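Containing mmCIF, C-alpha atoms; chains and numbers go by the auth columns: final.cif.
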data_run
loop_
_atom_site.group_PDB
_atom_site.id
_atom_site.type_symbol
_atom_site.label_atom_id
_atom_site.label_comp_id
_atom_site.label_asym_id
_atom_site.label_seq_id
_atom_site.Cartn_x
_atom_site.Cartn_y
_atom_site.Cartn_z
_atom_site.B_iso_or_equiv
_atom_site.auth_seq_id
_atom_site.auth_asym_id
ATOM 1 C CA MET A 1 14.222 -1.829 12.036 0.00 1 A
ATOM 2 C CA SER A 2 12.660 -3.828 14.842 0.00 2 A
ATOM 3 C CA GLY A 3 9.344 -1.995 14.274 0.00 3 A
ATOM 4 C CA LEU A 4 9.398 -3.022 10.629 0.00 4 A
ATOM 5 C CA LEU A 5 10.253 -6.592 11.551 0.00 5 A
ATOM 6 C CA SER A 6 7.468 -6.797 14.128 0.00 6 A
ATOM 7 C CA ARG A 7 4.953 -5.381 11.621 0.00 7 A
ATOM 8 C CA GLY A 8 6.089 -7.965 9.090 0.00 8 A
ATOM 9 C CA ILE A 9 5.627 -10.751 11.614 0.00 9 A
ATOM 10 C CA VAL A 10 2.123 -9.510 12.458 0.00 10 A
ATOM 11 C CA VAL A 11 1.183 -9.315 8.759 0.00 11 A
ATOM 12 C CA VAL A 12 2.450 -12.845 8.134 0.00 12 A
ATOM 13 C CA ALA A 13 0.567 -14.140 11.194 0.00 13 A
ATOM 14 C CA VAL A 14 -2.676 -12.496 10.075 0.00 14 A
ATOM 15 C CA LEU A 15 -2.297 -13.857 6.545 0.00 15 A
ATOM 16 C CA LEU A 16 -1.598 -17.332 7.914 0.00 16 A
ATOM 17 C CA ALA A 17 -4.694 -17.148 10.125 0.00 17 A
ATOM 18 C CA CYS A 18 -6.787 -16.055 7.130 0.00 18 A
ATOM 19 C CA VAL A 19 -5.485 -18.922 5.006 0.00 19 A
ATOM 20 C CA ILE A 20 -6.221 -21.440 7.757 0.00 20 A
ATOM 21 C CA GLY A 21 -9.713 -20.001 8.259 0.00 21 A
ATOM 22 C CA LEU A 22 -10.495 -20.024 4.548 0.00 22 A
ATOM 23 C CA THR A 23 -9.236 -23.595 4.220 0.00 23 A
ATOM 24 C CA ALA A 24 -11.454 -24.710 7.106 0.00 24 A
ATOM 25 C CA ALA A 25 -14.435 -22.874 5.628 0.00 25 A
ATOM 26 C CA PHE A 26 -13.824 -24.474 2.249 0.00 26 A
ATOM 27 C CA GLY A 27 -13.595 -27.906 3.905 0.00 27 A
ATOM 28 C CA LEU A 28 -16.888 -27.342 5.718 0.00 28 A
ATOM 29 C CA LEU A 29 -18.481 -26.180 2.467 0.00 29 A
ATOM 30 C CA VAL A 30 -17.365 -29.382 0.724 0.00 30 A
ATOM 31 C CA ALA A 31 -18.678 -31.453 3.658 0.00 31 A
ATOM 32 C CA ALA A 32 -22.044 -29.679 3.478 0.00 32 A
ATOM 33 C CA ASP A 33 -22.051 -30.235 -0.257 0.00 33 A
ATOM 34 C CA TYR A 34 -21.367 -33.934 0.321 0.00 34 A
ATOM 35 C CA PHE A 35 -24.243 -34.238 2.790 0.00 35 A
ATOM 36 C CA ALA A 36 -26.567 -32.486 0.355 0.00 36 A
ATOM 37 C CA PHE A 37 -25.569 -34.861 -2.417 0.00 37 A
ATOM 38 C CA ALA A 38 -25.802 -37.878 -0.057 0.00 38 A
ATOM 39 C CA THR A 39 -29.573 -37.382 0.189 0.00 39 A
ATOM 40 C CA MET A 40 -29.882 -37.917 -3.562 0.00 40 A
ATOM 41 C CA LEU A 41 -26.927 -40.187 -4.441 0.00 41 A
ATOM 42 C CA SER A 42 -25.102 -43.148 -2.958 0.00 42 A
ATOM 43 C CA PRO A 43 -22.125 -42.169 -0.717 0.00 43 A
ATOM 44 C CA PRO A 44 -19.372 -42.814 -3.314 0.00 44 A
ATOM 45 C CA PHE A 45 -21.179 -40.787 -5.962 0.00 45 A
ATOM 46 C CA ALA A 46 -21.953 -38.054 -3.425 0.00 46 A
ATOM 47 C CA ALA A 47 -18.227 -37.842 -2.638 0.00 47 A
ATOM 48 C CA LEU A 48 -17.418 -37.594 -6.346 0.00 48 A
ATOM 49 C CA ALA A 49 -20.061 -34.910 -6.837 0.00 49 A
ATOM 50 C CA ALA A 50 -18.730 -32.922 -3.864 0.00 50 A
ATOM 51 C CA ALA A 51 -15.166 -33.206 -5.193 0.00 51 A
ATOM 52 C CA GLY A 52 -16.353 -32.097 -8.631 0.00 52 A
ATOM 53 C CA THR A 53 -18.093 -29.099 -7.108 0.00 53 A
ATOM 54 C CA ALA A 54 -14.912 -28.186 -5.204 0.00 54 A
ATOM 55 C CA LEU A 55 -12.828 -28.481 -8.387 0.00 55 A
ATOM 56 C CA ALA A 56 -15.341 -26.344 -10.295 0.00 56 A
ATOM 57 C CA PHE A 57 -15.137 -23.691 -7.559 0.00 57 A
ATOM 58 C CA CYS A 58 -11.322 -23.713 -7.748 0.00 58 A
ATOM 59 C CA PHE A 59 -11.464 -23.489 -11.546 0.00 59 A
ATOM 60 C CA VAL A 60 -13.763 -20.456 -11.384 0.00 60 A
ATOM 61 C CA ALA A 61 -11.475 -18.830 -8.783 0.00 61 A
ATOM 62 C CA VAL A 62 -8.439 -19.315 -11.041 0.00 62 A
ATOM 63 C CA ILE A 63 -10.272 -17.872 -14.074 0.00 63 A
ATOM 64 C CA VAL A 64 -11.402 -14.806 -12.104 0.00 64 A
ATOM 65 C CA GLY A 65 -7.858 -14.322 -10.779 0.00 65 A
ATOM 66 C CA LYS A 66 -6.401 -14.481 -14.296 0.00 66 A
ATOM 67 C CA LEU A 67 -8.934 -11.931 -15.552 0.00 67 A
ATOM 68 C CA ILE A 68 -8.099 -9.553 -12.712 0.00 68 A
ATOM 69 C CA LEU A 69 -4.346 -9.952 -13.295 0.00 69 A
ATOM 70 C CA SER A 70 -4.678 -9.368 -17.040 0.00 70 A
ATOM 71 C CA ALA A 71 -6.615 -6.155 -16.385 0.00 71 A
ATOM 72 C CA MET A 72 -3.903 -5.030 -13.968 0.00 72 A
ATOM 73 C CA LYS A 73 -1.176 -5.787 -16.544 0.00 73 A
ATOM 74 C CA LYS A 74 -3.005 -3.809 -19.238 0.00 74 A
ATOM 75 C CA ARG A 75 -3.349 -0.840 -16.903 0.00 75 A
ATOM 76 C CA ALA A 76 0.336 -1.075 -15.979 0.00 76 A
ATOM 77 C CA ARG A 77 1.319 -1.177 -19.665 0.00 77 A
ATOM 78 C CA LYS A 78 -0.722 1.951 -20.343 0.00 78 A
ATOM 79 C CA GLU A 79 0.866 3.825 -17.439 0.00 79 A
ATOM 80 C CA LEU A 80 4.440 2.720 -18.183 0.00 80 A
ATOM 81 C CA PRO A 81 5.289 5.512 -20.694 0.00 81 A
ATOM 82 C CA ARG A 82 3.979 8.143 -18.259 0.00 82 A
ATOM 83 C CA ARG A 83 6.060 6.680 -15.446 0.00 83 A
ATOM 84 C CA ILE A 84 9.171 6.612 -17.616 0.00 84 A
ATOM 85 C CA ALA A 85 8.602 10.218 -18.675 0.00 85 A
ATOM 86 C CA ALA A 86 8.126 11.273 -15.053 0.00 86 A
ATOM 87 C CA ILE A 87 11.337 9.531 -13.987 0.00 87 A
ATOM 88 C CA ILE A 88 13.303 11.070 -16.843 0.00 88 A
ATOM 89 C CA GLY A 89 11.873 14.474 -15.963 0.00 89 A
ATOM 90 C CA GLU A 90 12.854 14.055 -12.331 0.00 90 A
ATOM 91 C CA VAL A 91 16.367 12.901 -13.171 0.00 91 A
ATOM 92 C CA PHE A 92 17.250 15.349 -15.929 0.00 92 A
ATOM 93 C CA GLY A 93 14.837 18.213 -15.262 0.00 93 A
ATOM 94 C CA THR A 94 16.787 19.837 -12.458 0.00 94 A
ATOM 95 C CA ASP A 95 20.111 19.465 -14.271 0.00 95 A
ATOM 96 C CA LEU A 96 18.758 21.005 -17.461 0.00 96 A
ATOM 97 C CA GLY A 97 17.036 23.763 -15.506 0.00 97 A
ATOM 98 C CA GLU A 98 20.269 24.642 -13.731 0.00 98 A
ATOM 99 C CA PHE A 99 22.172 24.558 -17.026 0.00 99 A
ATOM 100 C CA THR A 100 19.720 26.917 -18.703 0.00 100 A
ATOM 101 C CA GLU A 101 19.911 29.312 -15.739 0.00 101 A
ATOM 102 C CA ARG A 102 23.731 29.314 -15.772 0.00 102 A
ATOM 103 C CA HIS A 103 24.079 29.610 -19.573 0.00 103 A
ATOM 104 C CA PRO A 104 21.067 31.467 -21.006 0.00 104 A
ATOM 105 C CA GLY A 105 22.920 32.557 -24.136 0.00 105 A
ATOM 106 C CA ARG A 106 24.003 29.051 -25.071 0.00 106 A
ATOM 107 C CA THR A 107 20.520 27.739 -24.392 0.00 107 A
ATOM 108 C CA ILE A 108 18.920 30.298 -26.699 0.00 108 A
ATOM 109 C CA ALA A 109 21.532 29.626 -29.382 0.00 109 A
ATOM 110 C CA ALA A 110 20.963 25.862 -29.179 0.00 110 A
ATOM 111 C CA ALA A 111 17.174 26.315 -29.398 0.00 111 A
ATOM 112 C CA LEU A 112 17.507 28.625 -32.410 0.00 112 A
ATOM 113 C CA ALA A 113 19.920 26.237 -34.144 0.00 113 A
ATOM 114 C CA ALA A 114 17.634 23.276 -33.547 0.00 114 A
ATOM 115 C CA GLY A 115 14.649 25.243 -34.845 0.00 115 A
ATOM 116 C CA PHE A 116 16.582 26.309 -37.961 0.00 116 A
ATOM 117 C CA VAL A 117 17.766 22.746 -38.669 0.00 117 A
ATOM 118 C CA LEU A 118 14.280 21.268 -38.219 0.00 118 A
ATOM 119 C CA GLY A 119 12.752 24.031 -40.338 0.00 119 A
ATOM 120 C CA PHE A 120 15.317 23.528 -43.093 0.00 120 A
ATOM 121 C CA SER A 121 15.332 19.716 -43.322 0.00 121 A
ATOM 122 C CA SER A 122 12.043 17.979 -44.035 0.00 122 A
ATOM 123 C CA ARG A 123 13.698 14.604 -43.469 0.00 123 A
ATOM 124 C CA LEU A 124 14.649 15.559 -39.899 0.00 124 A
ATOM 125 C CA ARG A 125 11.111 16.845 -39.305 0.00 125 A
ATOM 126 C CA LYS A 126 9.660 13.513 -40.445 0.00 126 A
ATOM 127 C CA LEU A 127 12.143 11.626 -38.280 0.00 127 A
ATOM 128 C CA LEU A 128 11.277 13.726 -35.246 0.00 128 A
ATOM 129 C CA THR A 129 7.560 13.309 -35.899 0.00 129 A
ATOM 130 C CA PHE A 130 8.059 9.549 -36.180 0.00 130 A
ATOM 131 C CA PHE A 131 9.851 9.403 -32.814 0.00 131 A
ATOM 132 C CA LEU A 132 7.315 11.649 -31.100 0.00 132 A
ATOM 133 C CA ARG A 133 4.366 9.528 -32.270 0.00 133 A
ATOM 134 C CA ARG A 134 5.889 6.228 -31.134 0.00 134 A
#
So that I can check it, write out the structure of this file as structure tokens.
Amino acid sequence: MSGLLSRGIVVVAVLLACVIGLTAAFGLLVAADYFAFATMLSPPFAALAAAGTALAFCFVAVIVGKLILSAMKKRARKELPRRIAAIIGEVFGTDLGEFTERHPGRTIAAALAAGFVLGFSSRLRKLLTFFLRR
């Protein structure tokens, strides 16, 4: 437990250092932007132009982040049925396997009965096809 806690503290410290470094770098970028605009504009307008550039950069960062998150959500939605099927298989697969090994006669009888019922009733076949295609 203490190893996990110490790793968590190190991760938080590294993330905090990265955030501080990125904030300082962004501040220096805005200052350099201000000095570049100050050669062409009066100081108040240079400050406004630098602030506008910083806001535009933040806006672009937010848009890119939203695009990345939407792609991740789409991928997660596509993989969700596979994950659910895998979990169901893990949970019930061993129990059903053990049941079929213990009772092979009942298993064969149940499979034959289900096959007969589905072969006899077209309505049940359509219902099963509907559920399998969903």
Would you list the contacts of Phe45 (chain A) as a PyMOL selection string, taking every protein, DNA or RNA residue within 12 Å and counting all atoms listed in the file, but skipping same-chain residues closer than 6 positions in sequence? chain A and resi 34-39+51-52
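Going from CA of Lys78 (chain A) over to CA of Arg125 (chain A), you cover 26.9 Å.
CA of Glu98 (chain A) sits 25.4 Å away from CA of Leu118 (chain A).
Separating CA of Phe131 (chain A) from CA of Arg82 (chain A) is a distance of 15.7 Å.
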Coordinates of region 1-26 of chain A, N, CA, C and O atoms, as a PDB file, in the first residue's frame:
ATOM      1  N   MET A   1       0.820  -1.194   0.000  1.00  0.00           N
ATOM      2  CA  MET A   1       0.000   0.000   0.000  1.00  0.00           C
ATOM      3  C   MET A   1       0.856   1.246   0.000  1.00  0.00           C
ATOM      4  O   MET A   1       0.556   2.199  -0.691  1.00  0.00           O
ATOM      5  N   SER A   2       1.942   1.225   0.775  1.00  0.00           N
ATOM      6  CA  SER A   2       2.783   2.423   0.830  1.00  0.00           C
ATOM      7  C   SER A   2       3.493   2.637  -0.500  1.00  0.00           C
ATOM      8  O   SER A   2       3.765   3.768  -0.888  1.00  0.00           O
ATOM      9  N   GLY A   3       3.799   1.547  -1.238  1.00  0.00           N
ATOM     10  CA  GLY A   3       4.408   1.686  -2.560  1.00  0.00           C
ATOM     11  C   GLY A   3       3.453   2.353  -3.532  1.00  0.00           C
ATOM     12  O   GLY A   3       3.849   3.206  -4.328  1.00  0.00           O
ATOM     13  N   LEU A   4       2.186   1.981  -3.454  1.00  0.00           N
ATOM     14  CA  LEU A   4       1.173   2.593  -4.309  1.00  0.00           C
ATOM     15  C   LEU A   4       0.994   4.063  -3.954  1.00  0.00           C
ATOM     16  O   LEU A   4       0.885   4.917  -4.843  1.00  0.00           O
ATOM     17  N   LEU A   5       0.979   4.361  -2.679  1.00  0.00           N
ATOM     18  CA  LEU A   5       0.827   5.742  -2.239  1.00  0.00           C
ATOM     19  C   LEU A   5       2.016   6.586  -2.679  1.00  0.00           C
ATOM     20  O   LEU A   5       1.842   7.710  -3.165  1.00  0.00           O
ATOM     21  N   SER A   6       3.221   6.054  -2.539  1.00  0.00           N
ATOM     22  CA  SER A   6       4.399   6.830  -2.945  1.00  0.00           C
ATOM     23  C   SER A   6       4.423   7.038  -4.453  1.00  0.00           C
ATOM     24  O   SER A   6       4.789   8.110  -4.935  1.00  0.00           O
ATOM     25  N   ARG A   7       3.996   6.032  -5.234  1.00  0.00           N
ATOM     26  CA  ARG A   7       3.917   6.215  -6.687  1.00  0.00           C
ATOM     27  C   ARG A   7       2.885   7.270  -7.050  1.00  0.00           C
ATOM     28  O   ARG A   7       3.103   8.085  -7.947  1.00  0.00           O
ATOM     29  N   GLY A   8       1.772   7.275  -6.336  1.00  0.00           N
ATOM     30  CA  GLY A   8       0.746   8.289  -6.573  1.00  0.00           C
ATOM     31  C   GLY A   8       1.257   9.688  -6.268  1.00  0.00           C
ATOM     32  O   GLY A   8       0.984  10.638  -7.013  1.00  0.00           O
ATOM     33  N   ILE A   9       2.012   9.817  -5.189  1.00  0.00           N
ATOM     34  CA  ILE A   9       2.568  11.120  -4.838  1.00  0.00           C
ATOM     35  C   ILE A   9       3.558  11.584  -5.904  1.00  0.00           C
ATOM     36  O   ILE A   9       3.565  12.759  -6.302  1.00  0.00           O
ATOM     37  N   VAL A  10       4.384  10.665  -6.398  1.00  0.00           N
ATOM     38  CA  VAL A  10       5.352  11.025  -7.441  1.00  0.00           C
ATOM     39  C   VAL A  10       4.632  11.449  -8.718  1.00  0.00           C
ATOM     40  O   VAL A  10       5.000  12.440  -9.356  1.00  0.00           O
ATOM     41  N   VAL A  11       3.578  10.724  -9.096  1.00  0.00           N
ATOM     42  CA  VAL A  11       2.824  11.072 -10.305  1.00  0.00           C
ATOM     43  C   VAL A  11       2.191  12.451 -10.159  1.00  0.00           C
ATOM     44  O   VAL A  11       2.243  13.273 -11.080  1.00  0.00           O
ATOM     45  N   VAL A  12       1.605  12.731  -9.006  1.00  0.00           N
ATOM     46  CA  VAL A  12       0.987  14.034  -8.787  1.00  0.00           C
ATOM     47  C   VAL A  12       2.040  15.135  -8.824  1.00  0.00           C
ATOM     48  O   VAL A  12       1.821  16.209  -9.410  1.00  0.00           O
ATOM     49  N   ALA A  13       3.214  14.891  -8.233  1.00  0.00           N
ATOM     50  CA  ALA A  13       4.280  15.890  -8.241  1.00  0.00           C
ATOM     51  C   ALA A  13       4.775  16.163  -9.659  1.00  0.00           C
ATOM     52  O   ALA A  13       5.000  17.320 -10.041  1.00  0.00           O
ATOM     53  N   VAL A  14       4.925  15.124 -10.452  1.00  0.00           N
ATOM     54  CA  VAL A  14       5.375  15.302 -11.837  1.00  0.00           C
ATOM     55  C   VAL A  14       4.322  16.063 -12.645  1.00  0.00           C
ATOM     56  O   VAL A  14       4.658  16.962 -13.422  1.00  0.00           O
ATOM     57  N   LEU A  15       3.058  15.707 -12.477  1.00  0.00           N
ATOM     58  CA  LEU A  15       2.002  16.429 -13.182  1.00  0.00           C
ATOM     59  C   LEU A  15       1.947  17.894 -12.770  1.00  0.00           C
ATOM     60  O   LEU A  15       1.765  18.782 -13.612  1.00  0.00           O
ATOM     61  N   LEU A  16       2.121  18.164 -11.489  1.00  0.00           N
ATOM     62  CA  LEU A  16       2.126  19.542 -11.008  1.00  0.00           C
ATOM     63  C   LEU A  16       3.296  20.323 -11.599  1.00  0.00           C
ATOM     64  O   LEU A  16       3.127  21.472 -12.031  1.00  0.00           O
ATOM     65  N   ALA A  17       4.470  19.693 -11.667  1.00  0.00           N
ATOM     66  CA  ALA A  17       5.632  20.349 -12.261  1.00  0.00           C
ATOM     67  C   ALA A  17       5.396  20.626 -13.743  1.00  0.00           C
ATOM     68  O   ALA A  17       5.775  21.699 -14.252  1.00  0.00           O
ATOM     69  N   CYS A  18       4.765  19.693 -14.442  1.00  0.00           N
ATOM     70  CA  CYS A  18       4.462  19.906 -15.863  1.00  0.00           C
ATOM     71  C   CYS A  18       3.475  21.059 -16.058  1.00  0.00           C
ATOM     72  O   CYS A  18       3.638  21.876 -16.966  1.00  0.00           O
ATOM     73  N   VAL A  19       2.466  21.119 -15.216  1.00  0.00           N
ATOM     74  CA  VAL A  19       1.487  22.203 -15.321  1.00  0.00           C
ATOM     75  C   VAL A  19       2.153  23.553 -15.052  1.00  0.00           C
ATOM     76  O   VAL A  19       1.912  24.535 -15.770  1.00  0.00           O
ATOM     77  N   ILE A  20       3.000  23.615 -14.046  1.00  0.00           N
ATOM     78  CA  ILE A  20       3.693  24.867 -13.741  1.00  0.00           C
ATOM     79  C   ILE A  20       4.608  25.259 -14.901  1.00  0.00           C
ATOM     80  O   ILE A  20       4.643  26.428 -15.321  1.00  0.00           O
ATOM     81  N   GLY A  21       5.334  24.287 -15.445  1.00  0.00           N
ATOM     82  CA  GLY A  21       6.223  24.575 -16.574  1.00  0.00           C
ATOM     83  C   GLY A  21       5.468  25.042 -17.807  1.00  0.00           C
ATOM     84  O   GLY A  21       5.884  25.993 -18.479  1.00  0.00           O
ATOM     85  N   LEU A  22       4.352  24.374 -18.109  1.00  0.00           N
ATOM     86  CA  LEU A  22       3.561  24.781 -19.267  1.00  0.00           C
ATOM     87  C   LEU A  22       2.932  26.157 -19.077  1.00  0.00           C
ATOM     88  O   LEU A  22       2.835  26.942 -20.022  1.00  0.00           O
ATOM     89  N   THR A  23       2.520  26.470 -17.852  1.00  0.00           N
ATOM     90  CA  THR A  23       1.967  27.789 -17.578  1.00  0.00           C
ATOM     91  C   THR A  23       3.029  28.870 -17.758  1.00  0.00           C
ATOM     92  O   THR A  23       2.764  29.928 -18.345  1.00  0.00           O
ATOM     93  N   ALA A  24       4.230  28.612 -17.267  1.00  0.00           N
ATOM     94  CA  ALA A  24       5.327  29.573 -17.439  1.00  0.00           C
ATOM     95  C   ALA A  24       5.673  29.735 -18.916  1.00  0.00           C
ATOM     96  O   ALA A  24       5.895  30.860 -19.393  1.00  0.00           O
ATOM     97  N   ALA A  25       5.716  28.636 -19.650  1.00  0.00           N
ATOM     98  CA  ALA A  25       6.021  28.718 -21.077  1.00  0.00           C
ATOM     99  C   ALA A  25       4.944  29.486 -21.827  1.00  0.00           C
ATOM    100  O   ALA A  25       5.247  30.305 -22.706  1.00  0.00           O
ATOM    101  N   PHE A  26       3.696  29.264 -21.462  1.00  0.00           N
ATOM    102  CA  PHE A  26       2.606  30.004 -22.095  1.00  0.00           C
ATOM    103  C   PHE A  26       2.707  31.492 -21.769  1.00  0.00           C
ATOM    104  O   PHE A  26       2.475  32.334 -22.631  1.00  0.00           O
TER     105      PHE A  26
END
